[in-house]
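Novice: This is entry_15.tsv, which holds TSV, C-alpha atoms:
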chain	number	residue	atom	x	y	z
A	906	MET	CA	7.67	-134.59	7.73
A	907	ILE	CA	10.06	-132.06	9.24
A	908	SER	CA	8.82	-130.51	12.48
A	909	VAL	CA	9.30	-126.91	13.64
A	910	GLU	CA	11.74	-128.18	16.27
A	911	GLN	CA	13.87	-129.82	13.58
A	912	ILE	CA	13.89	-126.60	11.56
A	913	LEU	CA	15.08	-124.71	14.64
A	914	LEU	CA	17.86	-127.26	15.12
A	915	SER	CA	19.06	-126.58	11.56
A	916	PHE	CA	19.66	-122.96	12.56
A	917	ILE	CA	22.33	-123.84	15.14
A	918	PRO	CA	25.17	-124.42	12.62
A	919	PHE	CA	23.65	-121.62	10.53
A	920	VAL	CA	24.07	-119.12	13.37
A	921	ILE	CA	27.61	-120.37	13.99
A	922	GLY	CA	28.43	-119.77	10.31
A	923	ILE	CA	26.99	-116.24	10.39
A	924	SER	CA	28.89	-115.45	13.60
A	925	LEU	CA	32.20	-116.59	12.12
A	926	LEU	CA	31.64	-114.59	8.93
A	927	ALA	CA	30.76	-111.51	10.99
A	928	TYR	CA	33.99	-111.95	12.96
A	929	TYR	CA	35.93	-111.72	9.70
A	930	SER	CA	34.28	-108.40	8.83
A	931	ILE	CA	31.55	-109.75	6.54
A	932	ASN	CA	28.54	-107.42	6.66
A	933	LEU	CA	26.46	-108.86	9.52
A	934	LYS	CA	23.51	-106.57	8.82
A	935	GLU	CA	23.31	-107.77	5.22
A	936	LEU	CA	23.60	-111.42	6.28
A	937	LEU	CA	20.83	-111.11	8.85
A	938	TYR	CA	18.62	-109.18	6.45
A	939	ALA	CA	19.07	-111.82	3.76
A	940	SER	CA	18.43	-114.63	6.26
A	941	VAL	CA	15.20	-113.12	7.56
A	942	ARG	CA	14.03	-112.49	4.01
A	943	MET	CA	14.84	-116.09	3.11
A	944	VAL	CA	12.63	-117.48	5.87
A	945	LEU	CA	9.74	-115.05	5.32
A	946	GLN	CA	9.81	-115.49	1.55
A	947	LEU	CA	9.81	-119.29	1.77
A	948	VAL	CA	6.90	-119.30	4.22
A	949	GLY	CA	5.06	-116.80	2.06
A	950	ILE	CA	5.57	-118.72	-1.17
A	951	GLY	CA	4.34	-121.86	0.58
A	952	TYR	CA	0.95	-120.21	1.10
A	953	VAL	CA	0.97	-118.71	-2.41
A	954	LEU	CA	1.71	-122.07	-4.04
A	955	THR	CA	-1.02	-123.76	-2.02
A	956	TYR	CA	-3.47	-121.20	-3.42
A	957	LEU	CA	-2.10	-121.46	-6.97
A	958	PHE	CA	-2.22	-125.26	-7.00
A	959	ALA	CA	-5.85	-125.12	-5.88
A	960	LYS	CA	-6.82	-122.55	-8.54
A	961	ASP	CA	-4.64	-123.96	-11.36
A	962	HIS	CA	-5.27	-121.01	-13.72
A	963	PHE	CA	-2.76	-119.78	-16.28
A	964	LEU	CA	-3.37	-116.11	-15.38
A	965	TRP	CA	-2.21	-116.63	-11.79
A	966	THR	CA	0.70	-118.74	-12.98
A	967	SER	CA	1.77	-116.13	-15.55
A	968	LEU	CA	1.51	-113.37	-12.93
A	969	LEU	CA	3.83	-115.24	-10.56
A	970	LEU	CA	6.26	-115.95	-13.43
A	971	THR	CA	6.32	-112.24	-14.27
A	972	ILE	CA	7.07	-111.36	-10.66
A	973	MET	CA	9.87	-113.94	-10.61
A	974	ILE	CA	11.43	-112.44	-13.76
A	975	VAL	CA	11.22	-108.87	-12.43
A	976	VAL	CA	12.76	-109.80	-9.06
A	977	SER	CA	15.48	-111.91	-10.70
A	978	SER	CA	16.28	-109.06	-13.10
A	979	TRP	CA	16.69	-106.63	-10.23
A	980	VAL	CA	18.70	-108.91	-7.95
A	981	SER	CA	21.01	-110.00	-10.78
A	982	LEU	CA	22.29	-106.42	-10.93
A	983	ARG	CA	22.91	-106.10	-7.20
A	984	VAL	CA	26.68	-106.11	-7.79
A	985	VAL	CA	26.57	-103.20	-10.25
A	986	LYS	CA	24.67	-100.67	-8.14
A	987	LYS	CA	25.71	-97.55	-10.08
A	988	GLU	CA	24.43	-99.03	-13.34
A	989	ARG	CA	21.50	-100.93	-11.87
A	990	LEU	CA	18.54	-98.94	-13.20
A	991	LYS	CA	20.20	-98.41	-16.56
A	992	LEU	CA	20.80	-102.13	-17.07
A	993	LEU	CA	17.49	-103.37	-15.63
A	994	LYS	CA	15.71	-103.46	-18.98
A	995	TYR	CA	18.50	-105.58	-20.46
A	996	SER	CA	18.45	-108.10	-17.64
A	997	PHE	CA	14.64	-108.31	-17.81
A	998	LEU	CA	14.63	-108.91	-21.57
A	999	ALA	CA	17.48	-111.40	-21.25
A	1000	LEU	CA	15.60	-113.49	-18.68
A	1001	LEU	CA	12.27	-113.15	-20.48
A	1002	PHE	CA	13.52	-114.21	-23.91
A	1003	GLY	CA	16.52	-116.30	-22.85
A	1004	SER	CA	15.19	-118.39	-19.96
A	1005	THR	CA	11.42	-118.49	-20.44
A	1006	PRO	CA	11.49	-120.34	-23.81
A	1007	VAL	CA	13.71	-123.03	-22.26
A	1008	LEU	CA	11.29	-123.32	-19.34
A	1009	PHE	CA	8.28	-123.96	-21.57
A	1010	TRP	CA	10.28	-126.24	-23.85
A	1011	THR	CA	10.92	-128.37	-20.78
A	1012	THR	CA	7.37	-128.30	-19.40
A	1013	GLY	CA	5.82	-128.72	-22.85
A	1014	LEU	CA	8.01	-131.39	-24.43
A	1015	VAL	CA	10.54	-132.88	-22.04
A	1016	ILE	CA	8.60	-133.52	-18.82
A	1017	PRO	CA	5.06	-132.42	-19.71
A	1018	GLY	CA	2.34	-132.20	-17.10
A	1019	GLU	CA	-1.40	-132.04	-17.66
A	1020	SER	CA	-0.93	-128.55	-19.13
A	1021	ILE	CA	2.01	-126.41	-20.20
A	1022	TRP	CA	0.80	-123.92	-17.54
A	1023	ASP	CA	0.42	-126.55	-14.81
A	1024	PRO	CA	1.74	-124.64	-11.73
A	1025	ARG	CA	2.94	-127.86	-10.07
A	1026	PHE	CA	5.48	-128.22	-12.89
A	1027	VAL	CA	6.00	-124.67	-14.13
A	1028	ILE	CA	6.63	-122.84	-10.84
A	1029	PRO	CA	9.28	-125.17	-9.31
A	1030	LEU	CA	11.11	-125.43	-12.64
A	1031	ALA	CA	10.85	-121.66	-13.16
A	1032	GLY	CA	12.49	-121.14	-9.79
A	1033	MET	CA	15.47	-123.23	-10.86
A	1034	VAL	CA	15.67	-121.58	-14.28
A	1035	TYR	CA	15.43	-117.95	-13.20
A	1036	ALA	CA	17.57	-118.30	-10.08
A	1037	ASN	CA	20.46	-119.93	-11.93
A	1038	SER	CA	20.16	-117.61	-14.93
A	1039	MET	CA	20.11	-114.69	-12.50
A	1040	ASN	CA	23.37	-115.79	-10.88
A	1041	THR	CA	25.10	-116.33	-14.23
A	1042	LEU	CA	23.86	-112.98	-15.53
A	1043	SER	CA	25.04	-111.29	-12.34
A	1044	LEU	CA	28.56	-112.68	-12.74
A	1045	ALA	CA	28.61	-111.72	-16.41
A	1046	ALA	CA	27.42	-108.17	-15.72
A	1047	GLU	CA	29.89	-107.51	-12.91
A	1048	ARG	CA	32.86	-108.91	-14.84
A	1049	LEU	CA	31.87	-107.23	-18.10
A	1050	LEU	CA	31.65	-103.73	-16.64
A	1051	ASN	CA	35.02	-104.15	-14.94
A	1052	GLU	CA	36.73	-105.62	-18.01
A	1053	LEU	CA	35.45	-102.78	-20.21
A	1054	LYS	CA	37.58	-100.40	-18.16
A	1055	ILE	CA	40.78	-102.05	-19.40
A	1056	HIS	CA	39.85	-104.09	-22.50
A	1057	PRO	CA	38.06	-103.47	-25.79
A	1058	TRP	CA	34.53	-104.87	-26.18
A	1059	PRO	CA	35.34	-108.27	-27.80
A	1060	MET	CA	37.90	-109.19	-25.14
A	1061	ALA	CA	35.73	-107.91	-22.28
A	1062	GLN	CA	32.75	-109.90	-23.57
A	1063	SER	CA	34.78	-113.10	-23.83
A	1064	LEU	CA	36.32	-112.75	-20.36
A	1065	ALA	CA	32.94	-111.95	-18.78
A	1066	LEU	CA	31.23	-115.00	-20.28
A	1067	LYS	CA	34.12	-117.29	-19.32
A	1068	ALA	CA	33.96	-116.09	-15.72
A	1069	ALA	CA	30.16	-116.38	-15.58
A	1070	PHE	CA	30.24	-120.05	-16.51
A	1071	ILE	CA	32.97	-121.19	-14.13
A	1072	PRO	CA	30.36	-122.33	-11.54
A	1073	HIS	CA	28.40	-124.28	-14.18
A	1074	ILE	CA	31.48	-126.04	-15.52
A	1075	ASN	CA	32.70	-126.84	-11.99
A	1076	THR	CA	29.28	-128.32	-11.17
A	1077	PHE	CA	29.28	-130.47	-14.29
A	1078	LEU	CA	32.76	-131.79	-13.44
A	1079	VAL	CA	31.89	-132.93	-9.91
A	1080	VAL	CA	28.20	-133.90	-10.12
A	1081	GLY	CA	27.78	-137.54	-9.19
A	1082	LEU	CA	31.35	-137.69	-7.85
A	1083	VAL	CA	31.31	-134.98	-5.18
A	1084	SER	CA	27.78	-133.58	-5.19
A	1085	LEU	CA	24.27	-134.92	-5.57
A	1086	PRO	CA	22.10	-131.99	-6.72
A	1087	GLY	CA	19.14	-130.81	-4.70
A	1088	MET	CA	16.33	-132.17	-6.85
A	1089	MET	CA	17.95	-135.59	-7.15
A	1090	THR	CA	18.63	-135.72	-3.42
A	1091	GLY	CA	15.05	-134.74	-2.63
A	1092	GLN	CA	13.66	-137.43	-4.91
A	1093	ILE	CA	15.91	-140.11	-3.44
A	1094	LEU	CA	14.95	-139.08	0.12
A	1095	SER	CA	11.28	-139.33	-0.89
A	1096	GLY	CA	11.80	-142.91	-2.09
A	1097	VAL	CA	12.21	-142.50	-5.86
A	1098	ASP	CA	14.45	-145.02	-7.66
A	1099	PRO	CA	17.94	-143.40	-7.99
A	1100	LEU	CA	18.05	-144.17	-11.72
A	1101	ILE	CA	14.77	-142.32	-12.24
A	1102	ALA	CA	16.05	-139.43	-10.12
A	1103	VAL	CA	19.17	-139.32	-12.33
A	1104	ARG	CA	17.05	-138.90	-15.46
A	1105	TYR	CA	15.20	-135.96	-13.98
A	1106	GLN	CA	18.44	-134.41	-12.76
A	1107	ILE	CA	20.04	-134.60	-16.21
A	1108	VAL	CA	17.02	-132.78	-17.64
A	1109	ILE	CA	17.23	-130.13	-14.92
A	1110	MET	CA	20.94	-129.53	-15.42
A	1111	THR	CA	20.66	-129.20	-19.20
A	1112	MET	CA	17.69	-126.87	-18.70
A	1113	ILE	CA	19.60	-124.69	-16.23
A	1114	PHE	CA	22.71	-124.52	-18.39
A	1115	SER	CA	20.87	-123.67	-21.60
A	1116	SER	CA	18.70	-121.01	-19.97
A	1117	SER	CA	21.74	-119.47	-18.28
A	1118	ALA	CA	23.68	-119.50	-21.55
A	1119	LEU	CA	20.91	-117.89	-23.58
A	1120	SER	CA	20.12	-115.28	-20.93
A	1121	SER	CA	23.71	-114.20	-20.33
A	1122	LEU	CA	24.50	-114.10	-24.04
A	1123	LEU	CA	21.39	-112.05	-24.75
A	1124	PHE	CA	22.22	-109.66	-21.91
A	1125	VAL	CA	25.76	-109.15	-23.19
A	1126	LYS	CA	24.56	-108.60	-26.76
A	1127	LEU	CA	21.86	-106.12	-25.66
A	1128	LEU	CA	24.39	-104.19	-23.62
A	1129	GLY	CA	26.90	-104.27	-26.48
A	1130	SER	CA	24.39	-102.94	-28.99
A	1131	ASN	CA	23.66	-100.05	-26.64
A	1132	LEU	CA	27.35	-99.20	-26.33
A	1133	ASP	CA	27.85	-99.17	-30.10
Now that the file is in, can you turn its structure into structure tokens?
Specialist:
Amino acid sequence: MISVEQILLSFIPFVIGISLLAYYSINLKELLYASVRMVLQLVGIGYVLTYLFAKDHFLWTSLLLTIMIVVSSWVSLRVVKKERLKLLKYSFLALLFGSTPVLFWTTGLVIPGESIWDPRFVIPLAGMVYANSMNTLSLAAERLLNELKIHPWPMAQSLALKAAFIPHINTFLVVGLVSLPGMMTGQILSGVDPLIAVRYQIVIMTMIFSSSALSSLLFVKLLGSNLD
């Protein structure tokens, strides 16, 4: 178990990193704001999950999933502030119908729990699905709107999707050679057989990629149909 003192020790290199970024003109206010939010949100979700796991009711689980989709939809458009409200409905629909089916495919068929709504399975996996889809969608949206200024729709769409999936492809190329993903690392540290951890990690990575692909493609198509 990690103590409070150990958590505080982890902030020493963290503060050094923030200080160096601030020196090179990175927005210190934004960094600090995001850091404080990170800590408060993690502590808060810890209490929420404790309550949800105790209640284990699909209504509470579905409510939290809805909140996760709404927040992910909003944050994914952070880089396109002028178009943010206009595009929010597209990002919401893209995450709802692109990522959510993959999530329940995974919890229902691939690594099923006691119930398809079991919060111990659904919520952690949903966090991975929506967060990664959010990042991919964000890259696609930012690149697409910029490419449309100089390219016709088909070319802009292609360039945006290629750029959005650079992080995924890079991760696939180095996983196991350079990086051990978070879930796999956590399982190994908790004593799980590495070969078992590998199986789970493969499932997680295919889940993340497919949900990101479906969400970003749906977002681009929804936006394209609106432009036509």
Novice: What's the 10 Å shell around stretch 984-997 of chain A, counting only C-alpha atoms, without same-chain residues fewer than 6 positions away, as a list in words?
Specialist: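 Contacts, in chain order: Thr971, Ile974, Val975, Val976, Ser977, Ser978, Gly1003, Met1039, Leu1042, Ser1043, Leu1044, Ala1046, Glu1047, Arg1048, Leu1050, Asn1051, Ser1120, Ser1121, Leu1123, Phe1124, Val1125, Lys1126, Leu1127, Leu1128 and Asn1131 of chain A.
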Novice: So the first atom is atom CA of A:Val941 and the second is atom CA of A:Thr1041; what is the distance between them in Å, to one decimal place?
Specialist: 24.1 Å
Novice: Hey, which of A:Ser1020, A:Ala999, A:Val1015, A:Ala1031 ends up closest to A:Leu1122? Count only C-alpha atoms.
Specialist: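 That would be A:Ala999, the residue with the smallest distance to A:Leu1122.
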Novice: Contacts between stretch 949-957 of chain A and stretch 988-1067 of chain A, please, where a residue of stretch 988-1067 of chain A counts if it comes within 10 Å (with only C-alpha atoms); show its shortest atom pair and distance in Å to one decimal, rows by chain and ascending number, as CSV.
Specialist:
residue,atom,partner,partner_atom,distance
A:Asp1023,CA,A:Leu957,CA,9.7
A:Pro1024,CA,A:Leu957,CA,6.9
A:Arg1025,CA,A:Leu954,CA,8.4
A:Ile1028,CA,A:Leu954,CA,8.4
A:Pro1029,CA,A:Leu954,CA,9.7
Novice: What is the distance, in Å and to one decimal place, between atom CA of A:Glu1052 and atom CA of A:Tyr1035?
Specialist: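 Computing the Euclidean distance for atom CA of A:Glu1052 and atom CA of A:Tyr1035 yields 25.1 Å.
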Novice: Fewer than 5 positions away in the same chain doesn't count, so skip those; otherwise give me all residues within 12 Å of A:Gly1013, counting all atoms listed in the file, as a list in words.
Specialist: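 Neighbouring residues, sequence-local ones excluded: Thr1005, Pro1006, Val1007, Leu1008, Gly1018, Glu1019, Ser1020, Ile1021, Trp1022, Asp1023, Phe1026, Val1027 and Leu1030 of chain A.
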Novice: Could you please determine the separation between atom CA of A:Val944 and atom CA of A:Ser1117 in Å, to one decimal place?
Specialist: 25.9 Å
Novice: Compare A:Leu933, A:Ala1102, A:Ile1074, A:Val1108 by their minimum atom-to-atom distance to A:Ile1016, counting all atoms listed in the file, and give me the closest one.
Specialist: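 Using all atoms listed in the file, the shortest distance to A:Ile1016 belongs to A:Val1108.
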Novice: May I have the protein, DNA and RNA residues with any atom at most 8 Å from the point (16.3, -134.9, -9.6), counting all atoms listed in the file, written as a list of chain:residue names?
Specialist: A:Pro1086, A:Gly1087, A:Met1088, A:Met1089, A:Thr1090, A:Gly1091, A:Gln1092, A:Ala1102, A:Val1103, A:Arg1104, A:Tyr1105, A:Gln1106, A:Ile1107, A:Ile1109
Novice: Build an axis-aligned box that encloses every atom of stretch 1056-1068 of chain A listed in the file, pad it by 5 Å on each side, and report its centre and edge lengths in Å to one decimal, as JSON.
Specialist:
{"center_x": 35.5, "center_y": -110.4, "center_z": -21.8, "size_x": 18.6, "size_y": 23.8, "size_z": 22.1}
